[in-house]
>>> print(open('input35.cif').read())   # mmCIF, C-alpha atoms
data_run
#
loop_
_atom_site.group_PDB
_atom_site.id
_atom_site.type_symbol
_atom_site.label_atom_id
_atom_site.label_comp_id
_atom_site.auth_asym_id
_atom_site.auth_seq_id
_atom_site.Cartn_x
_atom_site.Cartn_y
_atom_site.Cartn_z
ATOM 1 C CA MET A 216 -46.946 4.867 13.084
ATOM 2 C CA GLY A 217 -46.024 8.458 12.218
ATOM 3 C CA LYS A 218 -46.481 10.173 8.881
ATOM 4 C CA PHE A 219 -42.695 10.619 8.521
ATOM 5 C CA ASP A 220 -41.440 7.247 9.811
ATOM 6 C CA GLY A 221 -38.486 6.114 7.709
ATOM 7 C CA LEU A 222 -37.694 9.614 6.418
ATOM 8 C CA LEU A 223 -34.583 11.718 7.017
ATOM 9 C CA LEU A 224 -34.863 15.507 6.773
ATOM 10 C CA VAL A 225 -31.507 17.145 6.009
ATOM 11 C CA SER A 226 -31.069 20.927 6.159
ATOM 12 C CA ASP A 227 -28.090 23.165 5.546
ATOM 13 C CA PHE A 228 -26.905 24.968 8.674
ATOM 14 C CA ASP A 229 -25.902 28.554 7.817
ATOM 15 C CA ASP A 230 -28.700 30.865 6.640
ATOM 16 C CA THR A 231 -31.123 27.952 6.210
ATOM 17 C CA LEU A 232 -31.998 26.202 9.464
ATOM 18 C CA TYR A 233 -30.125 28.855 11.458
ATOM 19 C CA ASP A 234 -30.285 32.574 10.659
ATOM 20 C CA SER A 235 -27.332 34.943 10.239
ATOM 21 C CA HIS A 236 -27.107 35.279 14.048
ATOM 22 C CA HIS A 237 -26.946 31.491 14.549
ATOM 23 C CA ARG A 238 -30.477 31.348 15.902
ATOM 24 C CA VAL A 239 -33.225 28.955 14.836
ATOM 25 C CA PRO A 240 -36.330 30.975 13.878
ATOM 26 C CA PRO A 241 -39.538 29.888 15.683
ATOM 27 C CA ARG A 242 -41.157 28.782 12.407
ATOM 28 C CA ASN A 243 -38.233 26.403 11.782
ATOM 29 C CA LEU A 244 -38.471 24.972 15.293
ATOM 30 C CA ALA A 245 -42.201 24.445 14.889
ATOM 31 C CA ALA A 246 -41.700 22.604 11.600
ATOM 32 C CA ILE A 247 -38.932 20.407 13.050
ATOM 33 C CA ASN A 248 -40.972 19.502 16.117
ATOM 34 C CA TYR A 249 -43.936 18.533 13.929
ATOM 35 C CA TRP A 250 -41.623 16.359 11.828
ATOM 36 C CA LEU A 251 -40.255 14.691 14.972
ATOM 37 C CA ARG A 252 -43.707 14.059 16.446
ATOM 38 C CA GLU A 253 -44.599 12.222 13.264
ATOM 39 C CA GLY A 254 -41.568 9.912 13.574
ATOM 40 C CA GLY A 255 -39.051 11.609 11.257
ATOM 41 C CA ARG A 256 -35.302 11.965 11.713
ATOM 42 C CA VAL A 257 -33.596 15.385 11.436
ATOM 43 C CA THR A 258 -30.001 16.392 10.807
ATOM 44 C CA VAL A 259 -27.952 19.157 9.186
ATOM 45 C CA ARG A 260 -25.047 19.594 6.814
ATOM 46 C CA ALA A 261 -22.584 21.908 8.510
ATOM 47 C CA TYR A 262 -18.984 22.954 9.113
ATOM 48 C CA THR A 263 -16.756 21.408 11.769
ATOM 49 C CA THR A 264 -17.397 24.591 13.804
ATOM 50 C CA PHE A 265 -21.068 23.590 14.221
ATOM 51 C CA ALA A 266 -20.574 22.161 17.746
ATOM 52 C CA PRO A 267 -21.464 25.327 19.761
ATOM 53 C CA TYR A 268 -24.859 25.519 18.013
ATOM 54 C CA VAL A 269 -25.983 21.887 17.972
ATOM 55 C CA HIS A 270 -28.130 22.323 21.094
ATOM 56 C CA LEU A 271 -30.282 25.026 19.494
ATOM 57 C CA ALA A 272 -32.358 22.638 17.365
ATOM 58 C CA PRO A 273 -33.789 19.190 18.194
ATOM 59 C CA ILE A 274 -31.548 17.178 15.884
ATOM 60 C CA ASN A 275 -31.949 13.412 16.363
ATOM 61 C CA ALA A 276 -29.475 12.017 13.804
ATOM 62 C CA PRO A 277 -25.720 12.316 13.198
ATOM 63 C CA VAL A 278 -24.522 15.397 11.300
ATOM 64 C CA VAL A 279 -22.801 15.568 7.903
ATOM 65 C CA LEU A 280 -19.761 17.841 8.298
ATOM 66 C CA SER A 281 -17.152 19.587 6.171
ATOM 67 C CA ASN A 282 -18.880 19.522 2.800
ATOM 68 C CA GLY A 283 -19.394 15.781 2.959
ATOM 69 C CA SER A 284 -16.055 14.661 4.375
ATOM 70 C CA ALA A 285 -17.342 13.385 7.747
ATOM 71 C CA ILE A 286 -20.313 12.159 9.777
ATOM 72 C CA TYR A 287 -20.332 13.002 13.492
ATOM 73 C CA ASP A 288 -22.771 11.962 16.229
ATOM 74 C CA PHE A 289 -23.001 14.877 18.668
ATOM 75 C CA HIS A 290 -25.190 12.869 21.059
ATOM 76 C CA THR A 291 -22.401 10.371 21.713
ATOM 77 C CA ASP A 292 -19.428 12.592 20.732
ATOM 78 C CA THR A 293 -18.382 9.973 18.202
ATOM 79 C CA MET A 294 -16.845 10.400 14.751
ATOM 80 C CA LEU A 295 -18.659 7.791 12.663
ATOM 81 C CA VAL A 296 -17.041 8.494 9.293
ATOM 82 C CA GLU A 297 -14.021 10.660 8.484
ATOM 83 C CA THR A 298 -12.384 10.849 5.076
ATOM 84 C CA GLN A 299 -8.962 12.326 4.421
ATOM 85 C CA LEU A 300 -7.233 14.088 1.577
ATOM 86 C CA ASP A 301 -4.570 12.269 -0.396
ATOM 87 C CA PRO A 302 -1.214 12.104 1.458
ATOM 88 C CA ARG A 303 0.276 14.170 -1.388
ATOM 89 C CA ALA A 304 -2.025 17.100 -0.568
ATOM 90 C CA PRO A 305 0.661 19.278 1.098
ATOM 91 C CA GLN A 306 2.897 19.083 -1.992
ATOM 92 C CA ASP A 307 -0.061 19.579 -4.337
ATOM 93 C CA PHE A 308 -1.323 22.632 -2.470
ATOM 94 C CA GLN A 309 2.129 24.150 -2.138
ATOM 95 C CA ALA A 310 2.407 23.970 -5.929
ATOM 96 C CA LEU A 311 -1.031 25.543 -6.255
ATOM 97 C CA MET A 312 -0.225 28.380 -3.852
ATOM 98 C CA ASP A 313 3.036 29.027 -5.712
ATOM 99 C CA ALA A 314 1.147 29.167 -9.008
ATOM 100 C CA ILE A 315 -1.600 31.511 -7.724
ATOM 101 C CA PRO A 316 -0.073 33.796 -5.066
ATOM 102 C CA SER A 317 -3.293 35.656 -4.225
ATOM 103 C CA LEU A 318 -4.959 32.586 -2.690
ATOM 104 C CA GLY A 319 -5.769 32.192 0.979
ATOM 105 C CA MET A 320 -5.908 28.647 2.328
ATOM 106 C CA GLU A 321 -7.200 26.730 5.350
ATOM 107 C CA ALA A 322 -6.322 23.094 6.064
ATOM 108 C CA TYR A 323 -8.301 20.987 8.554
ATOM 109 C CA HIS A 324 -6.534 18.369 10.679
ATOM 110 C CA GLY A 325 -8.946 16.759 13.122
ATOM 111 C CA GLU A 326 -10.399 19.591 15.211
ATOM 112 C CA ASP A 327 -7.560 21.986 14.328
ATOM 113 C CA ILE A 328 -7.453 24.594 11.561
ATOM 114 C CA TYR A 329 -4.195 25.699 9.945
ATOM 115 C CA VAL A 330 -4.007 28.783 7.729
ATOM 116 C CA PHE A 331 -1.471 29.670 5.055
ATOM 117 C CA ARG A 332 -1.188 33.124 3.514
ATOM 118 C CA PRO A 333 -4.534 34.483 4.745
ATOM 119 C CA ASN A 334 -6.241 37.117 2.635
ATOM 120 C CA TRP A 335 -9.197 39.332 3.546
ATOM 121 C CA ILE A 336 -11.673 36.524 2.826
ATOM 122 C CA THR A 337 -9.782 34.109 5.080
ATOM 123 C CA ASP A 338 -9.769 36.703 7.854
ATOM 124 C CA LEU A 339 -13.532 37.213 7.547
ATOM 125 C CA HIS A 340 -14.152 33.457 7.579
ATOM 126 C CA MET A 341 -12.071 32.934 10.710
ATOM 127 C CA LYS A 342 -13.926 35.756 12.476
ATOM 128 C CA LYS A 343 -17.253 34.237 11.441
ATOM 129 C CA VAL A 344 -16.502 30.715 12.683
ATOM 130 C CA GLY A 345 -14.979 32.126 15.871
ATOM 131 C CA THR A 346 -12.551 29.301 16.519
ATOM 132 C CA ASP A 347 -8.828 29.089 17.179
ATOM 133 C CA TYR A 348 -6.449 28.549 14.267
ATOM 134 C CA THR A 349 -2.737 28.538 13.535
ATOM 135 C CA VAL A 350 -1.029 30.482 10.754
ATOM 136 C CA CYS A 351 1.997 28.572 9.478
ATOM 137 C CA PRO A 352 3.772 27.351 6.328
ATOM 138 C CA ILE A 353 2.197 24.371 4.579
ATOM 139 C CA ARG A 354 5.229 22.204 5.319
ATOM 140 C CA GLU A 355 4.624 22.678 9.073
ATOM 141 C CA MET A 356 0.945 21.700 8.994
ATOM 142 C CA PRO A 357 0.254 18.271 10.526
ATOM 143 C CA THR A 358 -1.404 15.682 8.329
ATOM 144 C CA PRO A 359 -3.685 14.040 7.327
ATOM 145 C CA TRP A 360 -6.123 16.768 6.295
ATOM 146 C CA THR A 361 -9.851 16.123 6.217
ATOM 147 C CA LYS A 362 -10.402 19.032 3.848
ATOM 148 C CA ALA A 363 -9.030 22.375 2.688
ATOM 149 C CA ILE A 364 -10.753 25.662 1.879
ATOM 150 C CA LEU A 365 -9.345 28.055 -0.716
ATOM 151 C CA GLN A 366 -10.407 31.701 -0.716
ATOM 152 C CA GLN A 367 -10.332 34.409 -3.390
ATOM 153 C CA ASP A 368 -12.824 36.100 -5.676
ATOM 154 C CA HIS A 369 -14.949 33.806 -7.820
ATOM 155 C CA GLY A 370 -13.061 34.331 -11.060
ATOM 156 C CA VAL A 371 -9.756 33.307 -9.485
ATOM 157 C CA LEU A 372 -11.354 30.291 -7.787
ATOM 158 C CA LYS A 373 -12.763 29.062 -11.103
ATOM 159 C CA GLU A 374 -9.182 29.069 -12.372
ATOM 160 C CA VAL A 375 -8.074 27.250 -9.208
ATOM 161 C CA GLN A 376 -10.792 24.613 -9.622
ATOM 162 C CA SER A 377 -9.650 23.880 -13.184
ATOM 163 C CA TRP A 378 -5.974 23.873 -12.125
ATOM 164 C CA LEU A 379 -6.553 21.256 -9.435
ATOM 165 C CA LEU A 380 -8.880 18.975 -11.367
ATOM 166 C CA ASP A 381 -6.785 19.072 -14.552
ATOM 167 C CA ARG A 382 -3.525 18.257 -12.774
ATOM 168 C CA PHE A 383 -4.871 15.794 -10.215
ATOM 169 C CA PRO A 384 -7.856 13.976 -11.756
ATOM 170 C CA ARG A 385 -9.660 11.573 -9.410
ATOM 171 C CA ARG A 386 -7.690 12.908 -6.436
ATOM 172 C CA TYR A 387 -9.918 15.728 -5.152
ATOM 173 C CA GLU A 388 -13.421 17.164 -5.173
ATOM 174 C CA ALA A 389 -13.411 20.958 -5.592
ATOM 175 C CA ILE A 390 -16.855 22.365 -4.734
ATOM 176 C CA PHE A 391 -17.990 25.958 -4.209
ATOM 177 C CA SER A 392 -19.672 26.428 -0.832
ATOM 178 C CA ASN A 393 -20.230 30.063 -1.823
ATOM 179 C CA HIS A 394 -18.758 32.380 -4.461
ATOM 180 C CA VAL A 395 -15.514 33.017 -2.523
ATOM 181 C CA TYR A 396 -14.959 29.616 -0.819
ATOM 182 C CA LEU A 397 -13.747 26.580 -2.774
ATOM 183 C CA GLU A 398 -13.821 23.489 -0.531
ATOM 184 C CA ILE A 399 -11.534 20.569 -1.305
ATOM 185 C CA THR A 400 -12.403 17.056 -0.136
ATOM 186 C CA ASP A 401 -11.239 13.593 -1.096
ATOM 187 C CA HIS A 402 -12.345 12.397 -4.518
ATOM 188 C CA GLY A 403 -15.889 11.047 -4.356
ATOM 189 C CA CYS A 404 -16.702 12.801 -1.055
ATOM 190 C CA ASN A 405 -19.568 15.271 -1.310
ATOM 191 C CA LYS A 406 -22.671 16.269 0.626
ATOM 192 C CA GLY A 407 -25.082 14.164 -1.399
ATOM 193 C CA GLY A 408 -22.987 11.023 -1.190
ATOM 194 C CA MET A 409 -22.448 11.384 2.552
ATOM 195 C CA VAL A 410 -26.158 12.018 3.185
ATOM 196 C CA ALA A 411 -26.934 8.798 1.288
ATOM 197 C CA ARG A 412 -24.345 6.991 3.411
ATOM 198 C CA LEU A 413 -25.900 8.364 6.601
ATOM 199 C CA ALA A 414 -29.369 7.280 5.493
ATOM 200 C CA GLN A 415 -28.015 3.789 4.868
ATOM 201 C CA MET A 416 -26.385 3.740 8.326
ATOM 202 C CA LEU A 417 -29.712 4.717 9.897
ATOM 203 C CA GLY A 418 -31.590 2.065 7.968
ATOM 204 C CA ILE A 419 -33.665 4.687 6.182
ATOM 205 C CA ALA A 420 -34.973 3.599 2.831
ATOM 206 C CA ARG A 421 -35.832 6.998 1.417
ATOM 207 C CA GLU A 422 -34.534 10.559 1.619
ATOM 208 C CA ASN A 423 -36.535 13.803 1.490
#
>>> encode(input="input35.cif", output="structure tokens")
Amino acid sequence: MGKFDGLLLVSDFDDTLYDSHHRVPPRNLAAINYWLREGGRVTVRAYTTFAPYVHLAPINAPVVLSNGSAIYDFHTDTMLVETQLDPRAPQDFQALMDAIPSLGMEAYHGEDIYVFRPNWITDLHMKKVGTDYTVCPIREMPTPWTKAILQQDHGVLKEVQSWLLDRFPRRYEAIFSNHVYLEITDHGCNKGGMVARLAQMLGIAREN
């Protein structure tokens, strides 16, 4: 019986497990391999664009994606859990974008990303994730959405967070993934809750 049997190790992806060049430093690999030899399970919390990098670390559990909106098993290519924004999200976000014209927005529909009114932050994010996307009006974006990301400077996004939560209580989670990204998921969906759900699915009694 290993020292870490029954434990799930969860790491963030960007700039934590992986460095700024999407490489896993040798010290991280050594620590993960020790954890695995002692019977532990390992996964990450990452964006939907994580797929090209999954092979770089010995992950042996499904991955929590999109700020806690999904759980995906890359070993079997199976979506285990996927939450969706309220069906009224397109109307809600159109009202928001009309109210705050400087916002950039991304909406996620399955594996596809749709962008409305990109600003410089949106452009940088799309270059960083390196995936295809479609720029189009909100009304032309297919639904349902698994999440949305709003982009502006932090002061504006604080205003946006209050705007959304005041007008639509118990409809959305609005969580900063960094100071210029505000991620929107379904109410009650967050990283901590989805990690707990994954641990339950794996039959793991404790989390570390």
>>> atom_distance(input="input35.cif", atom1="CA of Ile286 (chain A)", atom2="CA of Gln366 (chain A)")
24.3 Å
>>> residues_around(input="input35.cif", residues="Ile336 (chain A)", least_positions_apart="2", cutoff="10 Å", atoms="only C-alpha atoms", output="list in words")
Leu318, Gly319, Met320, Pro333, Asn334, Asp338, Leu339, His340, Met341, Lys342, Leu365, Gln366, Gln367, Asp368, Val395 and Tyr396 of chain A
>>> closest_atom_pairs(input="input35.cif", of="region 231-318 of chain A", to="region 376-394 of chain A", cutoff="8 Å", atoms="only C-alpha atoms", output="Markdown table")
| residue | atom | partner | partner_atom | distance |
| --- | --- | --- | --- | --- |
| A:Asn282 | CA | A:Ser392 | CA | 7.8 |
| A:Leu300 | CA | A:Tyr387 | CA | 7.4 |
| A:Asp301 | CA | A:Arg386 | CA | 6.8 |
| A:Leu311 | CA | A:Leu379 | CA | 7.7 |
>>> residues_around(input="input35.cif", residues="Pro357 (chain A)", least_positions_apart="5", cutoff="10 Å", atoms="all atoms listed in the file", output="VMD selection string")
chain A and resid 305 322 to 325 327 329
>>> resolve_selection(input="input35.cif", expression="the PyMOL selection byres ((chain A and resi 289-299) around 9)", output="VMD selection string")
chain A and resid 266 269 275 to 278 283 to 288 300 to 302 359 to 362 400 to 401 404
>>> residues_around(input="input35.cif", residues="Ala245 (chain A)", least_positions_apart="6", cutoff="12 Å", atoms="only C-alpha atoms", output="JSON list (two decimals) with C-alpha atoms, keeping the file's coordinate frame")
[["chain", "number", "residue", "atom", "x", "y", "z"],
["A", 232, "LEU", "CA", -32.00, 26.20, 9.46],
["A", 239, "VAL", "CA", -33.22, 28.96, 14.84],
["A", 251, "LEU", "CA", -40.26, 14.69, 14.97],
["A", 252, "ARG", "CA", -43.71, 14.06, 16.45],
["A", 272, "ALA", "CA", -32.36, 22.64, 17.36],
["A", 273, "PRO", "CA", -33.79, 19.19, 18.19]]
>>> atom_distance(input="input35.cif", atom1="CA of Ile353 (chain A)", atom2="CA of Phe308 (chain A)")
8.1 Å
>>> resolve_selection(input="input35.cif", expression="the PyMOL selection byres ((chain A and resi 217) around 10)", output="list in words")
Met216, Lys218, Phe219, Asp220, Gly221, Trp250, Leu251, Arg252, Glu253, Gly254 and Gly255 of chain A
>>> closest_residue(input="input35.cif", among="A:Val279, A:Leu222, A:Ile274, A:Ala304", to="Gly407 (chain A)", atoms="all atoms listed in the file")
A:Val279
>>> atom_distance(input="input35.cif", atom1="CA of Val371 (chain A)", atom2="CA of Gln306 (chain A)")
20.5 Å
>>> closest_residue(input="input35.cif", among="A:His270, A:Arg260, A:Arg332, A:His369", to="Asn405 (chain A)", atoms="only C-alpha atoms")
A:Arg260
>>> closest_residue(input="input35.cif", among="A:His237, A:Lys373, A:Val259, A:Ser281", to="Leu224 (chain A)", atoms="all atoms listed in the file")
A:Val259
>>> closest_residue(input="input35.cif", among="A:Leu372, A:Val410, A:Val225, A:Met416", to="Glu398 (chain A)", atoms="all atoms listed in the file")
A:Leu372
>>> resolve_selection(input="input35.cif", expression="the PyMOL selection byres ((chain A and resi 349) around 10)", output="PyMOL selection string")
chain A and resi 321-322+327-331+347-348+350-352+356
>>> closest_residue(input="input35.cif", among="A:Thr231, A:Phe265, A:Thr258, A:Gln309", to="Leu417 (chain A)", atoms="only C-alpha atoms")
A:Thr258
>>> axis_aligned_box(input="input35.cif", around="region 241-255 of chain A", padding_each_side="6 Å", output="AutoDock Vina command-line options")
--center_x -41.4 --center_y 19.9 --center_z 13.9 --size_x 18.4 --size_y 32.0 --size_z 17.2
>>> closest_residue(input="input35.cif", among="A:Arg354, A:Leu271, A:Ser226, A:Leu244", to="Asp307 (chain A)", atoms="only C-alpha atoms")
A:Arg354
